[in-house]
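To keep things clear, I will list the structure first and then write my remarks on it.
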Amino acid sequence: MDYAECLAKSLFEHVLTGSRMNYRLSQSRGEYDFDLVYSDSGKAAVEVTTTIDSALQETWCQILNKRKGGGVIPAKHCKKSWSITISSGTRVDPIRRKADEYLAAIEHAGISSFQGSTDSRQPVRDIRQDLGIVYGSALPEWLAPPRILIGLPGPTEKLTNSAAIDAAEHEVTKPDNRAKLGAYEGGERYLAVYAPPHSFASFGLWMYEPPPKRANLPGEISQIWIFGDDFGRKDDVVVWRAGPETTWQKAMYQI
């Protein structure tokens, strides 16, 4: 099982008291992932998939690359430590090479914080245009020796209360998900969509309450869950779920 499948197994067994998620070892012909066995011995099918924001995921992977130093850049020219934020899709290697020099110029200009989108001062314009750094703030002097901390960027699109639902219902339209569950001739058929912490949908899951509407599901899928975990606290899981006759509901669990 991959990480999303392991988390789905823990979530379903926690939420549906007394149930068991039995992983199907044979999936060579495109079968669904789990046989869900309820406490009363009734059965259902569960397919687990992942919603991916590829640009944001790639940026996070670049920042968190431990081989290149992770999210910390040693400073040689800056006299202070800095926290910076970059936009999704920005290349991180040039920032590792040049951010120290550009931030030193910002320090020399007497600037202790900046918002690139609204700041017209030349050193700020340079660091935004050349490196894609959109925000920076000097940190307390006790944080020594000087270093530059790269923050993990959030989504660049406008976040709304339907972001998680849009991501889940996009997965519903995929032919492979529908085919896997449509082949099951037993009871309910669940599509479980994992939203990683760096995905656009994950921000929507945590920040909003779902709008009062039903899920838009094809006949092959009777229940849909979209769920995500906290990047800092892996035991915290949030889930939105709905069926064709029920509105979206949100719940949070420690599993």
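Letters for chains follow the order of the structure tokens (A, B, ...), residue numbers begin at 1 for each chain, and ligand numbers begin at 1 in the order shown.
Residues of region 6-77 of chain A that DSSP places in strand (DSSP E or B), based on the backbone of this structure, are A:Arg20, A:Met21, A:Asn22, A:Tyr23, A:Phe34, A:Asp35, A:Leu36, A:Val37, A:Lys43, A:Ala44, A:Ala45, A:Val46, A:Glu47, A:Val48, A:Thr49, A:Thr50, A:Val72, A:Ile73, A:Pro74.
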Keeping all heavy atoms for every residue in the selection just given, could you write it to a file as a compact mmCIF listing (two decimals), in the first residue's frame?
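File part_25.txt, as written:
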```txt
# COMPACT_ATOMS: atom_id res chain seq x y z
N ARG A 20 -13.58 -3.14 8.71
CA ARG A 20 -12.24 -3.54 8.31
C ARG A 20 -12.05 -3.18 6.84
O ARG A 20 -12.94 -3.39 6.01
CB ARG A 20 -12.02 -5.05 8.48
CG ARG A 20 -12.21 -5.55 9.90
CD ARG A 20 -11.75 -7.02 10.03
NE ARG A 20 -12.20 -7.87 8.95
CZ ARG A 20 -13.41 -8.46 8.91
NH1 ARG A 20 -14.28 -8.24 9.88
NH2 ARG A 20 -13.73 -9.25 7.90
N MET A 21 -10.89 -2.66 6.56
CA MET A 21 -10.51 -2.37 5.18
C MET A 21 -9.49 -3.42 4.74
O MET A 21 -8.33 -3.40 5.17
CB MET A 21 -9.92 -0.97 5.08
CG MET A 21 -10.95 0.15 5.19
SD MET A 21 -11.65 0.57 3.58
CE MET A 21 -10.37 1.66 2.93
N ASN A 22 -9.91 -4.34 3.90
CA ASN A 22 -9.04 -5.42 3.43
C ASN A 22 -8.46 -5.06 2.07
O ASN A 22 -9.18 -4.94 1.07
CB ASN A 22 -9.83 -6.73 3.34
CG ASN A 22 -10.35 -7.18 4.69
OD1 ASN A 22 -9.71 -6.95 5.72
ND2 ASN A 22 -11.51 -7.82 4.70
N TYR A 23 -7.14 -4.88 2.06
CA TYR A 23 -6.46 -4.49 0.82
C TYR A 23 -6.44 -5.64 -0.17
O TYR A 23 -6.14 -6.79 0.19
CB TYR A 23 -5.04 -4.05 1.13
CG TYR A 23 -4.29 -3.49 -0.04
CD1 TYR A 23 -4.66 -2.28 -0.61
CD2 TYR A 23 -3.19 -4.16 -0.58
CE1 TYR A 23 -3.97 -1.74 -1.69
CE2 TYR A 23 -2.49 -3.64 -1.66
CZ TYR A 23 -2.89 -2.43 -2.21
OH TYR A 23 -2.21 -1.91 -3.28
N PHE A 34 -9.78 -1.67 -2.05
CA PHE A 34 -10.13 -2.29 -0.78
C PHE A 34 -11.51 -2.92 -0.81
O PHE A 34 -12.44 -2.37 -1.43
CB PHE A 34 -10.14 -1.25 0.36
CG PHE A 34 -8.80 -0.72 0.76
CD1 PHE A 34 -8.31 0.45 0.19
CD2 PHE A 34 -8.03 -1.36 1.71
CE1 PHE A 34 -7.08 0.96 0.56
CE2 PHE A 34 -6.80 -0.86 2.10
CZ PHE A 34 -6.32 0.31 1.52
N ASP A 35 -11.63 -4.03 -0.10
CA ASP A 35 -12.94 -4.54 0.30
C ASP A 35 -13.22 -4.00 1.69
O ASP A 35 -12.49 -4.31 2.65
CB ASP A 35 -12.95 -6.07 0.33
CG ASP A 35 -12.96 -6.68 -1.06
OD1 ASP A 35 -13.77 -6.23 -1.89
OD2 ASP A 35 -12.14 -7.59 -1.31
N LEU A 36 -14.25 -3.18 1.81
CA LEU A 36 -14.66 -2.64 3.11
C LEU A 36 -15.70 -3.58 3.71
O LEU A 36 -16.75 -3.83 3.10
CB LEU A 36 -15.24 -1.24 2.93
CG LEU A 36 -15.90 -0.59 4.15
CD1 LEU A 36 -14.90 -0.42 5.29
CD2 LEU A 36 -16.51 0.76 3.75
N VAL A 37 -15.41 -4.10 4.89
CA VAL A 37 -16.32 -5.00 5.59
C VAL A 37 -16.87 -4.27 6.81
O VAL A 37 -16.11 -3.91 7.72
CB VAL A 37 -15.62 -6.30 6.01
CG1 VAL A 37 -16.62 -7.25 6.69
CG2 VAL A 37 -14.97 -6.98 4.81
N LYS A 43 -20.66 -5.55 2.95
CA LYS A 43 -19.44 -5.21 2.23
C LYS A 43 -19.65 -4.04 1.27
O LYS A 43 -20.76 -3.74 0.85
CB LYS A 43 -18.93 -6.43 1.46
CG LYS A 43 -18.47 -7.57 2.36
CD LYS A 43 -17.90 -8.72 1.54
CE LYS A 43 -17.41 -9.85 2.43
NZ LYS A 43 -16.84 -10.96 1.63
N ALA A 44 -18.53 -3.38 0.96
CA ALA A 44 -18.52 -2.29 0.00
C ALA A 44 -17.16 -2.28 -0.68
O ALA A 44 -16.21 -2.94 -0.23
CB ALA A 44 -18.80 -0.96 0.69
N ALA A 45 -17.04 -1.53 -1.76
CA ALA A 45 -15.78 -1.38 -2.48
C ALA A 45 -15.24 0.03 -2.27
O ALA A 45 -16.01 1.00 -2.23
CB ALA A 45 -15.99 -1.63 -3.98
N VAL A 46 -13.92 0.14 -2.12
CA VAL A 46 -13.28 1.44 -1.94
C VAL A 46 -12.10 1.57 -2.91
O VAL A 46 -11.22 0.71 -2.95
CB VAL A 46 -12.77 1.63 -0.49
CG1 VAL A 46 -12.10 3.01 -0.34
CG2 VAL A 46 -13.91 1.48 0.51
N GLU A 47 -12.10 2.63 -3.68
CA GLU A 47 -10.97 2.97 -4.54
C GLU A 47 -10.34 4.24 -3.98
O GLU A 47 -11.04 5.22 -3.68
CB GLU A 47 -11.43 3.19 -5.98
CG GLU A 47 -10.36 3.75 -6.91
CD GLU A 47 -9.19 2.80 -7.15
OE1 GLU A 47 -9.29 1.60 -6.82
OE2 GLU A 47 -8.14 3.27 -7.66
N VAL A 48 -9.01 4.24 -3.82
CA VAL A 48 -8.28 5.39 -3.28
C VAL A 48 -7.46 6.04 -4.39
O VAL A 48 -6.75 5.35 -5.14
CB VAL A 48 -7.35 4.96 -2.13
CG1 VAL A 48 -6.61 6.17 -1.56
CG2 VAL A 48 -8.15 4.25 -1.03
N THR A 49 -7.56 7.36 -4.49
CA THR A 49 -6.79 8.09 -5.48
C THR A 49 -6.27 9.37 -4.83
O THR A 49 -6.60 9.69 -3.69
CB THR A 49 -7.63 8.40 -6.72
OG1 THR A 49 -6.80 8.95 -7.75
CG2 THR A 49 -8.74 9.40 -6.40
N THR A 50 -5.43 10.12 -5.54
CA THR A 50 -4.81 11.32 -4.99
C THR A 50 -5.01 12.48 -5.95
O THR A 50 -4.85 12.34 -7.16
CB THR A 50 -3.30 11.10 -4.77
OG1 THR A 50 -3.11 10.02 -3.84
CG2 THR A 50 -2.64 12.35 -4.20
N VAL A 72 16.66 25.88 4.41
CA VAL A 72 17.58 26.83 5.07
C VAL A 72 18.77 27.11 4.15
O VAL A 72 19.42 26.20 3.64
CB VAL A 72 18.09 26.27 6.41
CG1 VAL A 72 19.03 27.27 7.08
CG2 VAL A 72 16.92 25.92 7.33
N ILE A 73 19.04 28.40 3.94
CA ILE A 73 20.19 28.84 3.15
C ILE A 73 21.17 29.56 4.08
O ILE A 73 20.80 30.57 4.69
CB ILE A 73 19.77 29.79 2.02
CG1 ILE A 73 18.68 29.17 1.14
CG2 ILE A 73 20.98 30.21 1.18
CD1 ILE A 73 18.07 30.16 0.15
N PRO A 74 22.41 29.09 4.21
CA PRO A 74 23.38 29.83 5.02
C PRO A 74 23.65 31.21 4.40
O PRO A 74 23.70 31.35 3.18
CB PRO A 74 24.64 28.95 4.97
CG PRO A 74 24.15 27.60 4.55
CD PRO A 74 22.96 27.84 3.66
```
Assign secondary structure with DSSP using the backbone only, and return the residues of region 93-208 of chain A in helix (DSSP H, G or I) as a PyMOL selection string. chain A and resi 93-108+122-131+163-172+175-182+200-207
File dump, residues just selected, C-alpha atoms, as an mmCIF file, in the first residue's frame:
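The new file result-v6.cif reads:
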```cif
data_model
loop_
_atom_site.group_PDB
_atom_site.id
_atom_site.type_symbol
_atom_site.label_atom_id
_atom_site.label_comp_id
_atom_site.auth_asym_id
_atom_site.auth_seq_id
_atom_site.Cartn_x
_atom_site.Cartn_y
_atom_site.Cartn_z
ATOM 1 C CA ASP A 93 18.245 26.532 -7.091
ATOM 2 C CA PRO A 94 18.819 30.151 -8.240
ATOM 3 C CA ILE A 95 17.382 31.316 -4.906
ATOM 4 C CA ARG A 96 19.873 29.137 -3.001
ATOM 5 C CA ARG A 97 22.717 30.716 -4.991
ATOM 6 C CA LYS A 98 21.660 34.359 -5.046
ATOM 7 C CA ALA A 99 19.131 35.195 -2.303
ATOM 8 C CA ASP A 100 21.866 36.058 0.201
ATOM 9 C CA GLU A 101 23.336 38.706 -2.098
ATOM 10 C CA TYR A 102 19.955 40.241 -2.968
ATOM 11 C CA LEU A 103 18.804 40.347 0.660
ATOM 12 C CA ALA A 104 22.088 41.999 1.674
ATOM 13 C CA ALA A 105 21.287 44.790 -0.801
ATOM 14 C CA ILE A 106 17.818 45.091 0.763
ATOM 15 C CA GLU A 107 19.402 45.336 4.224
ATOM 16 C CA HIS A 108 21.806 48.014 2.947
ATOM 17 C CA GLN A 122 14.440 48.998 -6.493
ATOM 18 C CA PRO A 123 16.089 46.250 -4.360
ATOM 19 C CA VAL A 124 12.666 44.712 -3.756
ATOM 20 C CA ARG A 125 11.762 44.914 -7.434
ATOM 21 C CA ASP A 126 15.058 43.205 -8.265
ATOM 22 C CA ILE A 127 14.587 40.278 -5.904
ATOM 23 C CA ARG A 128 11.044 39.705 -7.137
ATOM 24 C CA GLN A 129 11.811 39.993 -10.845
ATOM 25 C CA ASP A 130 15.094 38.056 -10.806
ATOM 26 C CA LEU A 131 14.396 35.360 -8.204
ATOM 27 C CA ALA A 163 -11.953 23.988 -3.862
ATOM 28 C CA ALA A 164 -12.015 20.573 -2.176
ATOM 29 C CA ILE A 165 -15.304 19.609 -3.830
ATOM 30 C CA ASP A 166 -14.033 20.652 -7.259
ATOM 31 C CA ALA A 167 -10.945 18.466 -6.784
ATOM 32 C CA ALA A 168 -13.006 15.485 -5.595
ATOM 33 C CA GLU A 169 -15.533 15.750 -8.399
ATOM 34 C CA HIS A 170 -12.711 16.019 -10.930
ATOM 35 C CA GLU A 171 -11.508 12.599 -9.760
ATOM 36 C CA VAL A 172 -15.071 11.308 -10.180
ATOM 37 C CA PRO A 175 -12.696 6.804 -16.491
ATOM 38 C CA ASP A 176 -10.375 4.517 -14.512
ATOM 39 C CA ASN A 177 -11.953 5.413 -11.157
ATOM 40 C CA ARG A 178 -15.433 4.891 -12.554
ATOM 41 C CA ALA A 179 -14.492 1.606 -14.242
ATOM 42 C CA LYS A 180 -12.893 0.109 -11.141
ATOM 43 C CA LEU A 181 -15.887 0.847 -8.923
ATOM 44 C CA GLY A 182 -18.457 0.185 -11.628
ATOM 45 C CA PHE A 200 -4.837 23.197 -3.558
ATOM 46 C CA ALA A 201 -7.681 21.052 -2.223
ATOM 47 C CA SER A 202 -5.957 20.567 1.137
ATOM 48 C CA PHE A 203 -6.082 24.293 1.895
ATOM 49 C CA GLY A 204 -9.812 24.270 1.166
ATOM 50 C CA LEU A 205 -10.396 21.236 3.394
ATOM 51 C CA TRP A 206 -8.835 22.868 6.425
ATOM 52 C CA MET A 207 -9.865 26.494 5.947
#
```
Give me the residues of region 177-200 of chain A that have any atom at most 7 Å from an atom of region 212-233 of chain A; for each, the nearest atom pair and the distance in Å, rounded to one decimal. Use only C-alpha atoms, sort by chain and number, and format it as CSV.
```
residue,atom,partner,partner_atom,distance
A:Arg178,CA,A:Glu220,CA,5.7
A:Leu181,CA,A:Glu220,CA,5.9
A:Gly182,CA,A:Glu220,CA,4.5
A:Glu188,CA,A:Ser222,CA,5.8
A:Arg189,CA,A:Ser222,CA,5.2
A:Tyr190,CA,A:Gln223,CA,4.7
A:Leu191,CA,A:Ile224,CA,4.9
A:Ala192,CA,A:Trp225,CA,4.7
A:Val193,CA,A:Ile226,CA,4.5
A:Tyr194,CA,A:Phe227,CA,5.2
A:Ala195,CA,A:Gly228,CA,4.9
A:Pro196,CA,A:Gly228,CA,5.9
A:Pro197,CA,A:Phe231,CA,5.7
```
Could you turn the residues from that selection into a file that holds N, CA and C atoms, as a compact mmCIF listing (two decimals), in the first residue's frame?
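Result saved to out.txt:
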```txt
# COMPACT_ATOMS: atom_id res chain seq x y z
N ARG A 178 -14.07 5.35 -12.32
CA ARG A 178 -15.43 4.89 -12.55
C ARG A 178 -15.47 3.41 -12.96
N LEU A 181 -14.76 0.97 -9.84
CA LEU A 181 -15.89 0.85 -8.92
C LEU A 181 -17.13 0.32 -9.63
N GLY A 182 -17.29 0.66 -10.89
CA GLY A 182 -18.46 0.18 -11.63
C GLY A 182 -18.48 -1.32 -11.80
N GLU A 188 -22.30 -0.61 -1.53
CA GLU A 188 -21.84 0.74 -1.81
C GLU A 188 -20.45 0.74 -2.44
N ARG A 189 -20.21 1.81 -3.20
CA ARG A 189 -18.93 1.98 -3.88
C ARG A 189 -18.37 3.36 -3.52
N TYR A 190 -17.26 3.37 -2.79
CA TYR A 190 -16.65 4.60 -2.29
C TYR A 190 -15.46 5.00 -3.15
N LEU A 191 -15.40 6.30 -3.49
CA LEU A 191 -14.18 6.87 -4.04
C LEU A 191 -13.57 7.74 -2.94
N ALA A 192 -12.37 7.40 -2.50
CA ALA A 192 -11.67 8.14 -1.44
C ALA A 192 -10.52 8.91 -2.07
N VAL A 193 -10.57 10.24 -1.97
CA VAL A 193 -9.60 11.10 -2.63
C VAL A 193 -8.68 11.72 -1.58
N TYR A 194 -7.41 11.42 -1.66
CA TYR A 194 -6.43 11.99 -0.73
C TYR A 194 -5.93 13.31 -1.27
N ALA A 195 -5.95 14.36 -0.41
CA ALA A 195 -5.42 15.68 -0.76
C ALA A 195 -4.15 15.92 0.05
N PRO A 196 -2.96 15.78 -0.53
CA PRO A 196 -1.72 16.01 0.21
C PRO A 196 -1.64 17.44 0.73
N PRO A 197 -0.81 17.68 1.77
CA PRO A 197 -0.74 19.03 2.35
C PRO A 197 -0.39 20.12 1.36
```
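The space separating CA of Gly110 (chain A) from CA of Gly70 (chain A) comes to 28.3 Å.
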Which residue is closest to Leu152 (chain A)? Choose from A:Thr59, A:Lys76, A:Lys68, A:Ile111 and count only C-alpha atoms. A:Thr59
Please report the interatomic distance between CA of Asn161 (chain A) and CA of Gly132 (chain A) in Å with one decimal. 28.1 Å
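Omitting Leu149 (chain A) and its sequence neighbours fewer than 2 positions away, and counting only C-alpha atoms, the residues within 7 Å are Gly71, Val72, Ile73, Trp82, Ser83, Ile84, Arg147 and Gly151 of chain A.
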Output the selection as a PDB file, in the first residue's frame - N, CA and C atoms for each residue.
```
ATOM      1  N   GLY A  71      15.027  23.782   3.627  1.00  0.00           N
ATOM      2  CA  GLY A  71      14.492  25.143   3.562  1.00  0.00           C
ATOM      3  C   GLY A  71      15.381  26.187   4.202  1.00  0.00           C
ATOM      4  N   VAL A  72      16.660  25.885   4.409  1.00  0.00           N
ATOM      5  CA  VAL A  72      17.582  26.826   5.066  1.00  0.00           C
ATOM      6  C   VAL A  72      18.770  27.113   4.148  1.00  0.00           C
ATOM      7  N   ILE A  73      19.042  28.400   3.941  1.00  0.00           N
ATOM      8  CA  ILE A  73      20.188  28.836   3.150  1.00  0.00           C
ATOM      9  C   ILE A  73      21.168  29.561   4.078  1.00  0.00           C
ATOM     10  N   TRP A  82      16.702  35.971   7.658  1.00  0.00           N
ATOM     11  CA  TRP A  82      15.502  36.364   6.926  1.00  0.00           C
ATOM     12  C   TRP A  82      14.573  35.177   6.727  1.00  0.00           C
ATOM     13  N   SER A  83      13.292  35.492   6.675  1.00  0.00           N
ATOM     14  CA  SER A  83      12.273  34.542   6.234  1.00  0.00           C
ATOM     15  C   SER A  83      11.740  35.043   4.908  1.00  0.00           C
ATOM     16  N   ILE A  84      11.725  34.168   3.901  1.00  0.00           N
ATOM     17  CA  ILE A  84      11.249  34.577   2.583  1.00  0.00           C
ATOM     18  C   ILE A  84      10.158  33.628   2.106  1.00  0.00           C
ATOM     19  N   ARG A 147      20.915  33.305   8.613  1.00  0.00           N
ATOM     20  CA  ARG A 147      20.469  32.280   7.660  1.00  0.00           C
ATOM     21  C   ARG A 147      19.182  32.757   7.003  1.00  0.00           C
ATOM     22  N   GLY A 151       9.998  29.747   3.151  1.00  0.00           N
ATOM     23  CA  GLY A 151       8.670  29.262   3.523  1.00  0.00           C
ATOM     24  C   GLY A 151       8.046  28.433   2.411  1.00  0.00           C
TER      25      GLY A 151
END
```
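Considering the residues A:Trp60, A:Tyr38, A:Trp248, A:Tyr135 and counting only C-alpha atoms, Gly18 (chain A) has its shortest atom-to-atom contact with A:Tyr38.
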With distances taken over only C-alpha atoms, which residue among A:Arg24, A:Lys79, A:Lys66, A:Arg29 lies nearest Ala183 (chain A)? A:Arg29
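The spacing separating CA of Asp33 (chain A) from CA of Gly186 (chain A) amounts to 14.7 Å.
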Which is closer to Ile148 (chain A) than all the others in A:Ser26, A:Thr85, A:Gln115, A:Ser120, using only C-alpha atoms? A:Thr85
Counting only C-alpha atoms, which of A:Arg121, A:Asp236, A:Ile86, A:Tyr208 gets nearest to Leu159 (chain A)? A:Tyr208
